[in-house]
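Below is run38.cif, which holds mmCIF, C-alpha atoms.
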```cif
data_coords
#
loop_
_atom_site.label_atom_id
_atom_site.label_comp_id
_atom_site.auth_asym_id
_atom_site.auth_seq_id
_atom_site.Cartn_x
_atom_site.Cartn_y
_atom_site.Cartn_z
CA MET E 113 16.58 0.44 -28.59
CA ARG E 114 16.43 -1.80 -25.53
CA ARG E 115 13.05 -3.50 -25.23
CA GLY E 116 12.94 -5.54 -22.05
CA MET E 117 14.58 -5.03 -18.69
CA THR E 118 17.74 -6.97 -18.02
CA ALA E 119 17.91 -9.53 -15.23
CA ARG E 120 19.92 -7.11 -13.05
CA GLU E 121 17.37 -4.34 -13.51
CA LEU E 122 14.55 -6.71 -12.57
CA VAL E 123 16.45 -7.79 -9.46
CA ILE E 124 16.86 -4.12 -8.50
CA VAL E 125 13.12 -3.63 -9.04
CA GLY E 126 12.48 -6.66 -6.81
CA ILE E 127 14.75 -5.27 -4.08
CA PHE E 128 13.05 -1.88 -4.13
CA GLY E 129 9.69 -3.66 -4.16
CA ALA E 130 10.70 -5.64 -1.08
CA ALA E 131 11.83 -2.46 0.69
CA GLY E 132 8.56 -0.70 -0.18
CA ALA E 133 6.48 -3.68 0.89
CA ALA E 134 8.37 -3.90 4.19
CA LEU E 135 7.59 -0.20 4.79
CA GLU E 136 3.91 -0.69 3.90
CA ILE E 137 3.49 -3.85 5.93
CA SER E 138 5.29 -2.58 9.05
CA VAL E 139 4.75 1.18 9.16
CA GLY E 140 1.48 1.11 7.20
CA THR E 141 -0.19 -1.58 9.29
CA PHE E 142 0.85 0.28 12.47
CA LEU E 143 -0.56 3.59 11.24
CA HIS E 144 -3.80 2.11 9.93
CA THR E 145 -4.64 0.70 13.38
CA PHE E 146 -5.33 4.31 14.43
CA PRO E 147 -8.39 5.24 12.33
CA VAL E 148 -8.47 8.89 13.45
CA LEU E 149 -4.80 9.63 12.81
CA PRO E 150 -4.64 12.27 10.06
CA PHE E 151 -2.37 12.29 7.00
CA LYS E 152 -1.42 8.61 7.22
CA GLY E 153 -1.85 8.24 3.47
CA MET E 154 0.25 11.32 2.77
CA PHE E 155 3.09 10.01 4.93
CA LEU E 156 3.14 6.54 3.37
CA ALA E 157 2.70 7.85 -0.17
CA SER E 158 5.64 10.20 0.32
CA LEU E 159 7.86 7.32 1.46
CA LEU E 160 6.87 5.30 -1.59
CA ALA E 161 7.39 8.32 -3.87
CA ALA E 162 11.00 8.53 -2.64
CA LEU E 163 11.47 4.85 -3.54
CA PHE E 164 9.90 5.32 -6.98
CA VAL E 165 12.23 8.22 -7.76
CA ALA E 166 15.28 6.33 -6.49
CA VAL E 167 14.54 3.21 -8.55
CA ARG E 168 13.96 5.34 -11.66
CA ILE E 169 17.43 6.82 -11.24
CA VAL E 170 19.24 3.59 -10.31
CA THR E 171 17.81 1.54 -13.19
CA GLY E 172 17.45 4.39 -15.68
CA ARG E 173 14.22 2.75 -16.90
CA ARG E 174 10.96 4.66 -17.31
CA GLY E 175 8.91 1.57 -16.49
CA ALA E 176 10.70 0.81 -13.21
CA PRO E 177 8.37 2.84 -10.90
CA PHE E 178 5.27 1.13 -12.37
CA LEU E 179 6.81 -2.29 -11.85
CA VAL E 180 7.92 -1.50 -8.29
CA ALA E 181 4.41 -0.31 -7.45
CA ALA E 182 2.93 -3.53 -8.88
CA VAL E 183 5.36 -5.64 -6.83
CA ILE E 184 4.56 -3.74 -3.61
CA ALA E 185 0.82 -4.04 -4.29
CA ALA E 186 1.12 -7.77 -4.96
CA LEU E 187 3.06 -8.29 -1.71
CA LYS E 188 0.53 -6.15 0.20
CA LEU E 189 -2.16 -8.57 -1.01
CA LEU E 190 -0.56 -11.17 1.23
CA SER E 191 -0.86 -9.10 4.40
CA PRO E 192 -3.96 -9.63 6.54
CA GLY E 193 -6.74 -7.19 7.38
CA ALA E 194 -10.00 -5.98 5.95
CA GLY E 195 -9.91 -2.79 3.93
CA PHE E 196 -6.51 -3.63 2.47
CA MET E 197 -7.99 -3.46 -1.05
CA THR E 198 -8.15 0.34 -0.87
CA VAL E 199 -4.48 0.37 0.15
CA VAL E 200 -3.53 -1.93 -2.76
CA LEU E 201 -5.39 0.37 -5.17
CA ALA E 202 -3.68 3.40 -3.62
CA ILE E 203 -0.21 1.87 -4.06
CA LEU E 204 -0.92 1.07 -7.72
CA MET E 205 -2.28 4.53 -8.48
CA GLU E 206 0.59 6.23 -6.63
CA GLY E 207 3.01 4.22 -8.76
CA VAL E 208 1.16 5.22 -11.92
CA THR E 209 1.10 8.89 -10.87
CA ALA E 210 4.79 9.02 -9.98
CA GLY E 211 5.77 6.89 -12.97
CA LEU E 212 3.98 9.12 -15.46
CA VAL E 213 5.68 12.26 -14.15
CA LEU E 214 9.08 10.55 -14.03
CA ALA E 215 8.61 9.11 -17.51
CA VAL E 216 8.06 12.43 -19.24
CA GLY E 217 10.78 14.44 -17.49
CA THR E 218 14.54 14.34 -17.24
CA MET E 219 16.36 13.07 -14.14
CA ARG E 220 19.29 15.47 -14.38
CA GLY E 221 17.93 17.95 -11.87
CA PRO E 222 15.67 17.59 -8.82
CA LEU E 223 12.68 19.39 -10.38
CA VAL E 224 10.98 16.37 -11.97
CA PRO E 225 11.48 14.14 -8.88
CA ILE E 226 10.03 16.91 -6.71
CA LEU E 227 7.03 17.18 -9.03
CA ALA E 228 6.62 13.40 -8.96
CA GLY E 229 6.63 13.43 -5.15
CA MET E 230 4.10 16.27 -5.06
CA SER E 231 1.75 14.57 -7.50
CA THR E 232 1.95 11.30 -5.57
CA ALA E 233 1.16 13.03 -2.26
CA LEU E 234 -1.68 15.01 -3.85
CA TYR E 235 -3.19 11.84 -5.26
CA THR E 236 -3.87 10.64 -1.70
CA VAL E 237 -6.34 13.53 -1.31
CA ALA E 238 -8.23 12.43 -4.43
CA HIS E 239 -7.94 8.74 -3.55
CA LYS E 240 -10.44 8.87 -0.70
CA PHE E 241 -13.06 10.43 -2.95
CA LEU E 242 -12.45 8.09 -5.86
CA VAL E 243 -12.25 4.86 -3.88
CA ASN E 244 -15.10 5.71 -1.51
CA GLY E 245 -17.27 6.33 -4.55
CA LEU E 246 -16.43 2.86 -5.85
CA LEU E 247 -16.73 1.19 -2.45
CA LEU E 248 -19.75 2.97 -1.01
CA GLY E 249 -21.57 4.20 -4.11
CA SER E 250 -22.37 7.69 -5.31
CA GLU E 251 -24.48 8.38 -2.17
CA ILE E 252 -21.23 9.12 -0.30
CA TYR E 253 -20.77 12.29 -2.35
CA GLY E 254 -24.10 13.51 -1.04
CA ILE E 255 -22.80 12.99 2.49
CA TYR E 256 -19.58 14.89 1.67
CA LEU E 257 -21.61 17.80 0.30
CA GLY E 258 -23.72 17.70 3.46
CA PHE E 259 -20.52 17.94 5.55
CA LEU E 260 -19.42 20.94 3.53
CA GLU E 261 -22.76 22.69 4.02
CA ASP E 262 -22.82 21.92 7.76
CA ALA E 263 -19.23 23.15 8.15
CA SER E 264 -20.02 26.35 6.32
CA VAL E 265 -23.09 27.01 8.56
CA LEU E 266 -21.08 26.29 11.74
CA LEU E 267 -18.24 28.57 10.69
CA GLY E 268 -20.44 31.25 9.20
CA LEU E 269 -18.92 30.84 5.74
CA SER E 270 -20.46 30.26 2.35
CA PRO E 271 -19.89 26.72 0.95
CA SER E 272 -17.46 28.05 -1.66
CA ASP E 273 -15.49 29.84 1.06
CA ALA E 274 -15.40 26.65 3.15
CA LEU E 275 -13.47 25.00 0.30
CA TRP E 276 -10.60 27.35 1.11
CA LEU E 277 -10.16 25.33 4.30
CA LEU E 278 -8.69 22.64 2.06
CA VAL E 279 -5.83 24.90 0.98
CA PRO E 280 -3.59 24.32 4.05
CA VAL E 281 -4.14 20.57 3.68
CA LEU E 282 -3.12 20.67 0.02
CA VAL E 283 -0.07 22.83 0.81
CA LEU E 284 1.01 20.33 3.47
CA HIS E 285 0.72 17.50 0.94
CA LEU E 286 2.76 19.45 -1.61
CA ILE E 287 5.53 20.11 0.92
CA ALA E 288 5.66 16.50 2.11
CA GLY E 289 5.60 15.10 -1.43
CA GLY E 290 8.20 17.56 -2.68
CA ALA E 291 10.53 16.74 0.20
CA ALA E 292 10.10 13.03 -0.51
CA GLY E 293 10.84 13.53 -4.20
CA LEU E 294 14.02 15.42 -3.33
CA LEU E 295 15.02 12.70 -0.87
CA GLY E 296 14.46 10.04 -3.52
CA TRP E 297 16.54 11.98 -6.04
CA ARG E 298 19.48 12.31 -3.64
CA LEU E 299 19.11 8.68 -2.52
CA GLY E 300 19.05 7.45 -6.11
CA ARG E 301 22.11 9.44 -7.14
CA ARG E 302 24.11 8.22 -4.14
CA LEU E 303 23.06 4.62 -4.77
CA LEU E 304 24.09 4.95 -8.43
CA ARG E 305 27.51 6.31 -7.44
CA ILE E 306 28.04 3.55 -4.86
CA THR E 307 26.91 0.70 -7.10
CA HIS E 308 28.88 2.01 -10.10
CA ARG E 309 31.98 2.30 -7.95
CA GLU E 310 31.63 -1.38 -7.06
CA ASN E 311 30.58 -2.49 -10.56
CA PRO E 312 32.21 -0.06 -13.01
CA MET V 232 -9.18 -38.80 -12.91
CA ARG V 233 -10.65 -35.52 -11.71
CA THR V 234 -9.13 -34.56 -8.37
CA PRO V 235 -10.88 -32.39 -5.78
CA GLU V 236 -8.29 -29.64 -6.42
CA SER V 237 -9.19 -29.42 -10.11
CA SER V 238 -12.85 -28.82 -9.17
CA ALA V 239 -12.21 -25.99 -6.75
CA PRO V 240 -12.07 -22.49 -8.26
CA GLY V 241 -8.68 -21.08 -9.20
CA ILE V 242 -7.30 -17.67 -10.07
CA TYR V 243 -9.76 -17.12 -12.93
CA GLY V 244 -12.80 -17.94 -10.80
CA TYR V 245 -11.78 -15.63 -7.96
CA LEU V 246 -10.90 -12.83 -10.39
CA ILE V 247 -14.33 -13.22 -12.00
CA LEU V 248 -15.94 -13.25 -8.54
CA LEU V 249 -14.21 -10.02 -7.53
CA GLY V 250 -15.01 -8.29 -10.81
CA GLY V 251 -18.57 -9.61 -10.76
CA VAL V 252 -19.22 -8.35 -7.23
CA ILE V 253 -17.97 -4.86 -8.14
CA ALA V 254 -20.03 -4.87 -11.36
CA ALA V 255 -23.13 -6.06 -9.49
CA PHE V 256 -22.91 -3.23 -6.97
CA ILE V 257 -22.57 -0.71 -9.78
CA THR V 258 -25.20 -1.93 -12.23
CA LEU V 259 -27.94 -3.79 -10.33
CA SER V 260 -30.94 -2.44 -8.44
CA PRO V 261 -30.74 -2.15 -4.61
CA ILE V 262 -32.86 -5.26 -4.05
CA SER V 263 -30.73 -7.31 -6.44
CA GLN V 264 -27.62 -5.98 -4.72
CA ALA V 265 -28.99 -7.09 -1.36
CA CYS V 266 -29.73 -10.58 -2.74
CA CYS V 267 -26.23 -10.83 -4.23
CA PHE V 268 -24.70 -9.75 -0.94
CA LEU V 269 -26.64 -12.38 1.00
CA VAL V 270 -25.62 -15.12 -1.46
CA LEU V 271 -21.98 -13.99 -1.26
CA LEU V 272 -22.13 -13.89 2.54
CA PHE V 273 -23.55 -17.43 2.76
CA TYR V 274 -20.95 -18.69 0.30
CA ALA V 275 -18.15 -17.05 2.29
CA LEU V 276 -19.42 -18.32 5.66
CA LEU V 277 -19.84 -21.87 4.36
CA PHE V 278 -16.77 -22.28 2.11
CA GLN V 279 -14.36 -19.43 2.85
CA ARG V 280 -14.19 -19.28 6.63
CA ASP V 281 -10.48 -18.48 6.74
CA ALA V 282 -11.06 -15.42 4.54
CA MET V 283 -13.94 -14.35 6.80
CA ALA V 284 -11.76 -14.86 9.88
CA ARG V 285 -9.23 -12.38 8.51
CA MET V 286 -11.99 -9.79 8.25
CA ALA V 287 -12.85 -10.02 11.94
CA ARG V 288 -10.81 -6.95 12.89
CA TRP V 289 -11.97 -4.08 15.05
CA PRO V 290 -11.08 -1.35 12.48
CA LEU V 291 -13.83 -2.79 10.25
CA ALA V 292 -16.32 -2.56 13.13
CA VAL V 293 -15.26 1.05 13.78
CA PHE V 294 -15.65 1.84 10.07
CA ALA V 295 -19.16 0.31 10.03
CA ALA V 296 -20.22 2.16 13.19
CA VAL V 297 -18.93 5.53 11.96
CA LEU V 298 -20.57 5.06 8.55
CA MET V 299 -23.96 4.19 10.06
CA LEU V 300 -23.71 7.06 12.56
CA VAL V 301 -22.89 9.60 9.87
CA ALA V 302 -25.48 8.35 7.39
CA SER V 303 -28.37 8.08 9.84
CA SER V 304 -27.81 11.41 11.63
CA ASP V 305 -29.75 14.43 10.52
CA LEU V 306 -28.10 17.65 11.71
CA ALA V 307 -30.25 20.72 12.15
CA LEU V 308 -27.92 23.72 12.11
CA GLU V 309 -28.87 27.32 12.52
CA ALA V 310 -26.53 30.21 13.15
CA GLY V 311 -26.55 31.04 16.87
CA ALA V 312 -28.84 28.12 17.82
CA PRO V 313 -27.79 24.83 19.47
CA ILE V 314 -27.08 21.91 17.13
CA ARG V 315 -29.91 19.38 17.00
CA ILE V 316 -29.25 15.79 15.94
CA SER V 317 -32.11 13.50 14.98
CA PHE V 318 -32.37 10.00 13.56
CA SER V 319 -33.03 9.78 9.83
CA GLY V 320 -34.72 6.59 8.58
CA PRO V 321 -33.91 7.13 4.90
CA GLY V 322 -30.34 8.02 5.93
CA ALA V 323 -30.06 4.78 7.90
CA MET V 324 -31.28 2.77 4.89
CA MET V 325 -28.75 4.55 2.69
CA GLY V 326 -25.99 3.84 5.24
CA LEU V 327 -26.99 0.18 5.33
CA GLY V 328 -26.77 0.03 1.54
CA MET V 329 -23.32 1.59 1.52
CA LEU V 330 -22.14 -0.75 4.28
CA MET V 331 -23.49 -3.78 2.42
CA ARG V 332 -21.69 -2.70 -0.74
CA ALA V 333 -18.38 -2.10 1.06
CA CYS V 334 -18.58 -5.42 2.94
CA GLY V 335 -19.42 -7.31 -0.24
CA ILE V 336 -16.37 -5.92 -2.03
CA PHE V 337 -14.16 -6.53 1.02
CA ILE V 338 -15.32 -10.16 1.25
CA ALA V 339 -14.65 -10.83 -2.45
CA ALA V 340 -11.22 -9.17 -2.24
CA GLN V 341 -10.35 -11.08 0.93
CA ILE V 342 -11.33 -14.40 -0.70
CA PHE V 343 -9.11 -13.54 -3.66
CA SER V 344 -6.10 -12.74 -1.50
CA VAL V 345 -6.47 -15.88 0.65
CA ARG V 346 -7.20 -18.37 -2.13
CA VAL V 347 -4.99 -17.25 -5.03
CA PRO V 348 -1.35 -18.34 -4.69
CA VAL V 349 1.33 -15.81 -5.60
CA LEU V 350 2.76 -18.33 -8.06
CA ASP V 351 -0.46 -18.42 -10.09
CA LEU V 352 -0.56 -14.64 -10.14
CA THR V 353 3.00 -14.39 -11.42
CA ARG V 354 2.41 -17.13 -14.01
CA LEU V 355 -0.64 -15.32 -15.34
CA THR V 356 1.11 -11.94 -15.54
CA ASP V 357 4.12 -13.49 -17.29
CA ALA V 358 1.87 -15.36 -19.71
CA VAL V 359 -0.10 -12.25 -20.70
CA GLY V 360 3.06 -10.37 -21.56
CA LEU V 361 4.09 -8.57 -18.35
CA ARG V 362 7.57 -9.93 -18.75
CA GLY V 363 9.76 -9.89 -15.71
CA PHE V 364 6.99 -9.03 -13.24
CA GLY V 365 6.89 -12.59 -11.96
CA PHE V 366 10.67 -12.71 -11.56
CA ALA V 367 10.78 -9.33 -9.79
CA LEU V 368 7.92 -10.40 -7.51
CA GLY V 369 9.72 -13.64 -6.69
CA VAL V 370 12.90 -11.73 -5.82
CA ALA V 371 10.92 -9.32 -3.62
CA PHE V 372 9.07 -12.15 -1.89
CA HIS V 373 12.30 -13.89 -0.95
CA MET V 374 14.08 -10.66 0.02
CA LEU V 375 11.32 -9.56 2.43
CA PRO V 376 12.67 -11.38 5.52
CA GLU V 377 16.15 -10.13 4.66
CA VAL V 378 14.90 -6.53 4.53
CA HIS V 379 13.65 -6.76 8.11
CA GLY V 380 16.87 -8.34 9.34
CA THR V 381 19.07 -5.82 7.51
CA ALA V 382 16.98 -2.92 8.83
CA ARG V 383 17.35 -4.13 12.40
CA GLU V 384 21.13 -4.70 12.12
CA THR V 385 21.69 -1.35 10.44
CA GLY V 386 19.64 0.41 13.11
CA ASP V 387 21.71 -1.24 15.83
CA ALA V 388 24.95 -0.23 14.10
CA LEU V 389 23.83 3.39 13.83
CA ARG V 390 22.80 3.43 17.50
CA LEU V 391 26.26 2.13 18.43
CA ARG V 392 27.67 5.12 16.58
CA GLY V 393 25.66 7.54 18.69
CA LEU V 394 22.75 8.25 16.36
CA ALA V 395 19.98 7.56 18.86
CA GLY V 396 17.43 9.46 20.90
CA ARG V 397 16.89 12.99 19.63
CA ARG V 398 19.44 12.49 16.88
CA ARG V 399 17.55 9.54 15.48
CA TRP V 400 15.87 11.61 12.79
CA ARG V 401 19.29 12.56 11.40
CA ALA V 402 20.03 8.86 10.95
CA ALA V 403 16.94 8.19 8.83
CA VAL V 404 18.56 8.82 5.45
CA PRO V 405 21.87 7.02 6.23
CA TRP V 406 19.82 4.15 7.62
CA LEU V 407 17.75 3.84 4.45
CA LEU V 408 20.84 4.21 2.28
CA ALA V 409 22.72 1.51 4.19
CA ILE V 410 19.78 -0.93 3.89
CA LEU V 411 19.45 -0.42 0.15
CA VAL V 412 23.21 -0.65 -0.50
CA GLN V 413 23.46 -3.93 1.42
CA LEU V 414 20.52 -5.37 -0.47
CA LEU V 415 21.81 -4.18 -3.83
CA GLN V 416 25.18 -5.78 -3.12
CA ARG V 417 23.35 -9.10 -3.26
CA SER V 418 21.87 -8.34 -6.66
CA ASP V 419 24.80 -9.77 -8.61
CA GLU V 420 24.62 -13.17 -6.94
CA ILE V 421 20.85 -13.25 -7.48
CA VAL V 422 21.35 -12.48 -11.18
CA ALA V 423 24.04 -15.16 -11.53
CA SER V 424 21.75 -17.64 -9.79
CA ALA V 425 18.86 -16.78 -12.11
CA ARG V 426 20.99 -17.05 -15.24
CA THR V 427 22.22 -20.53 -14.30
CA ARG V 428 18.53 -21.48 -14.21
CA GLY V 429 17.92 -20.19 -17.72
CA PHE V 430 16.35 -16.85 -16.92
CA GLY V 431 17.08 -14.22 -19.58
CA SER V 432 17.98 -16.81 -22.20
CA GLY V 433 15.56 -15.15 -24.63
CA ARG V 434 13.11 -18.03 -24.69
CA ARG V 435 9.61 -17.26 -23.52
CA PHE V 436 7.50 -19.81 -21.72
CA ARG V 437 3.78 -19.10 -21.84
CA TYR V 438 2.27 -20.97 -18.96
CA PHE V 439 -1.31 -20.07 -18.25
CA PRO V 440 -2.74 -21.42 -14.97
CA ALA V 441 -5.22 -24.22 -15.61
CA TRP V 442 -8.91 -23.47 -16.07
CA ARG V 443 -10.93 -25.41 -13.48
CA THR V 444 -14.50 -26.62 -13.10
CA GLY V 445 -15.04 -24.25 -10.19
CA ASP V 446 -14.03 -21.33 -12.42
CA ALA V 447 -16.71 -22.28 -14.93
CA VAL V 448 -19.32 -22.50 -12.16
CA ILE V 449 -18.43 -19.02 -10.86
CA LEU V 450 -18.45 -17.63 -14.40
CA ALA V 451 -21.91 -19.09 -15.03
CA VAL V 452 -23.33 -17.77 -11.75
CA VAL V 453 -21.80 -14.29 -12.09
CA SER V 454 -22.70 -13.79 -15.75
CA GLY V 455 -26.22 -15.15 -15.19
CA THR V 456 -26.73 -12.77 -12.28
CA LEU V 457 -25.46 -9.74 -14.14
CA LEU V 458 -27.47 -10.51 -17.28
CA LEU V 459 -30.75 -11.63 -15.74
CA ALA V 460 -31.08 -9.72 -12.48
CA PRO V 461 -32.98 -6.41 -12.68
#
```
Any chance you could put this one into structure tokens?
Amino acid sequence: MRRGMTARELVIVGIFGAAGAALEISVGTFLHTFPVLPFKGMFLASLLAALFVAVRIVTGRRGAPFLVAAVIAALKLLSPGAGFMTVVLAILMEGVTAGLVLAVGTMRGPLVPILAGMSTALYTVAHKFLVNGLLLGSEIYGIYLGFLEDASVLLGLSPSDALWLLVPVLVLHLIAGGAAGLLGWRLGRRLLRITHRENP
Amino acid sequence: MRTPESSAPGIYGYLILLGGVIAAFITLSPISQACCFLVLLFYALLFQRDAMARMARWPLAVFAAVLMLVASSDLALEAGAPIRISFSGPGAMMGLGMLMRACGIFIAAQIFSVRVPVLDLTRLTDAVGLRGFGFALGVAFHMLPEVHGTARETGDALRLRGLAGRRRWRAAVPWLLAILVQLLQRSDEIVASARTRGFGSGRRFRYFPAWRTGDAVILAVVSGTLLLAP
């Protein structure tokens, strides 16, 4: 059984890490300058999910997505701006989420990559709650509950009914993540065919 | 002879500082947290001005303003009646506490990212057994400028072939594929270059970054604060 990654596999991980970091630093920094823009995290997480799936297919290694996420997070540490720590944590957790799903499933069909993309996109919904609890303390959950109660009074709904307002948001995340997983699967298979043709 | 560099904190000290700040804001009482924040702020303003300068961005000001507004507003809602907003003193204090906690963690994280060289980070991860992470990170770091250049050239080539304007979205996947293929074509020469330098020879070199006097000082201050503060 192979234990460590070969030099070529590590170089491929580095290349995918550079591509992901370039996406995060350019697209991510641009999007994060607009605080009120919705679904920024979902969009960026979906792009990264596609990369995680592609690198898993190209290298054939279960650990590749984790390593790519760590490389992207380490490179993101170098980019300026306050609040980047939450983004670094998000990248790491998205890599862990996608990597776990990709590690337990088979890459023959698109189902597991689609699930990996969905789970990565869904994590962004949970990320705000988890990280804000760490950053701002448990008092923030009281504020969130207050929002829910105020929204339910304004809309004339009970608080449990107001939670159903989250359903369209979750569905949107599932669609975006699934599409990204499928894109990553197709990208990875094409890259594998092209690179094997050049290096049989 | 002890040089000034060996006295300044290194990767261990800044890791301990970051972990200690997070632990302080979780475990200590509000007054102790406020004292820790003030000490951290003075330390950052006196010795870490470049890290503080990177925090002077307007999104942080917007974040602080929104947080204080939300925390200190008391909404009185009744069905069919106009919404009444009043100022809440306890809410404002709570908002101030949350803001202090967030800023403290941001400052510690910013100091870490400014002061810790990537090389030390990769040495530490390689030494603790994350084999290959340092090499992959080094490859990524050096490929970053090439990614931007390749992306721009590939985009220009696709535009020359008519994939522009409304059809640009159809070019997204070919564009991404072309960038990755061009970068992967360089992988063999990178591997050959690494192997001539002994990478992958099977020998492991454990090189831990040096422990410095500044690291010991930070460890003493952080552990003393966490153990003794109420």
Exercise for the section: To one decimal in Å, tell me the separation between atom CA of Leu248 of chain E and atom CA of Val452 of chain V. Expected result: 23.6 Å
Practice task
Identify which of the residues E:Leu135, E:Val170, E:Ala233, E:Ala288 lies closest to Arg120 of chain E, counting all atoms listed in the file when measuring atom-to-atom distances.
Solution key: E:Val170
Handout entry: At most 6 Å to chain V: residues in chain E, all atoms listed in the file, as a PyMOL selection string
Key = chain E and resi 120+122-123+126-127+129-130+183+189+193-194+247-248
Restricting it to C-alpha atoms, dump the selection as a short mmCIF file (atom, residue, chain, number, x, y, z; two decimals), in the coordinates of the input.
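out-v4.cif written:
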```
data_model
loop_
_atom_site.label_atom_id
_atom_site.label_comp_id
_atom_site.auth_asym_id
_atom_site.auth_seq_id
_atom_site.Cartn_x
_atom_site.Cartn_y
_atom_site.Cartn_z
CA ARG E 120 19.92 -7.11 -13.05
CA LEU E 122 14.55 -6.71 -12.57
CA VAL E 123 16.45 -7.79 -9.46
CA GLY E 126 12.48 -6.66 -6.81
CA ILE E 127 14.75 -5.27 -4.08
CA GLY E 129 9.69 -3.66 -4.16
CA ALA E 130 10.70 -5.64 -1.08
CA VAL E 183 5.36 -5.64 -6.83
CA LEU E 189 -2.16 -8.57 -1.01
CA GLY E 193 -6.74 -7.19 7.38
CA ALA E 194 -10.00 -5.98 5.95
CA LEU E 247 -16.73 1.19 -2.45
CA LEU E 248 -19.75 2.97 -1.01
#
```
Give as a tab-separated table (two decimals) with C-alpha atoms, in the coordinates of the input the residues that the PyMOL selection byres ((chain V and resi 440) around 9) matches when applied to the coordinates above.
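And here's selection.tsv as it stands now:
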```
chain	number	residue	atom	x	y	z
V	241	GLY	CA	-8.68	-21.08	-9.20
V	242	ILE	CA	-7.30	-17.67	-10.07
V	243	TYR	CA	-9.76	-17.12	-12.93
V	351	ASP	CA	-0.46	-18.42	-10.09
V	352	LEU	CA	-0.56	-14.64	-10.14
V	354	ARG	CA	2.41	-17.13	-14.01
V	355	LEU	CA	-0.64	-15.32	-15.34
V	358	ALA	CA	1.87	-15.36	-19.71
V	438	TYR	CA	2.27	-20.97	-18.96
V	439	PHE	CA	-1.31	-20.07	-18.25
V	441	ALA	CA	-5.22	-24.22	-15.61
V	442	TRP	CA	-8.91	-23.47	-16.07
```
Exercise for the section: Choose the residue, out of E:Ala210, E:Ala176, E:Met154, E:Ala131, that has the smallest atom-to-atom separation from Val283 of chain E; count all atoms listed in the file. Expected result: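 Selected residue with least distance to Val283 of chain E: E:Met154.
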Let me have the centre and edge lengths of the axis-aligned box enclosing all listed atoms of segment 158-174 of chain E with 3 Å padding on every side, in Å to one decimal, as AutoDock Vina command-line options.
```
--center_x 12.4 --center_y 5.9 --center_z -7.9 --size_x 19.6 --size_y 14.7 --size_z 24.8
```
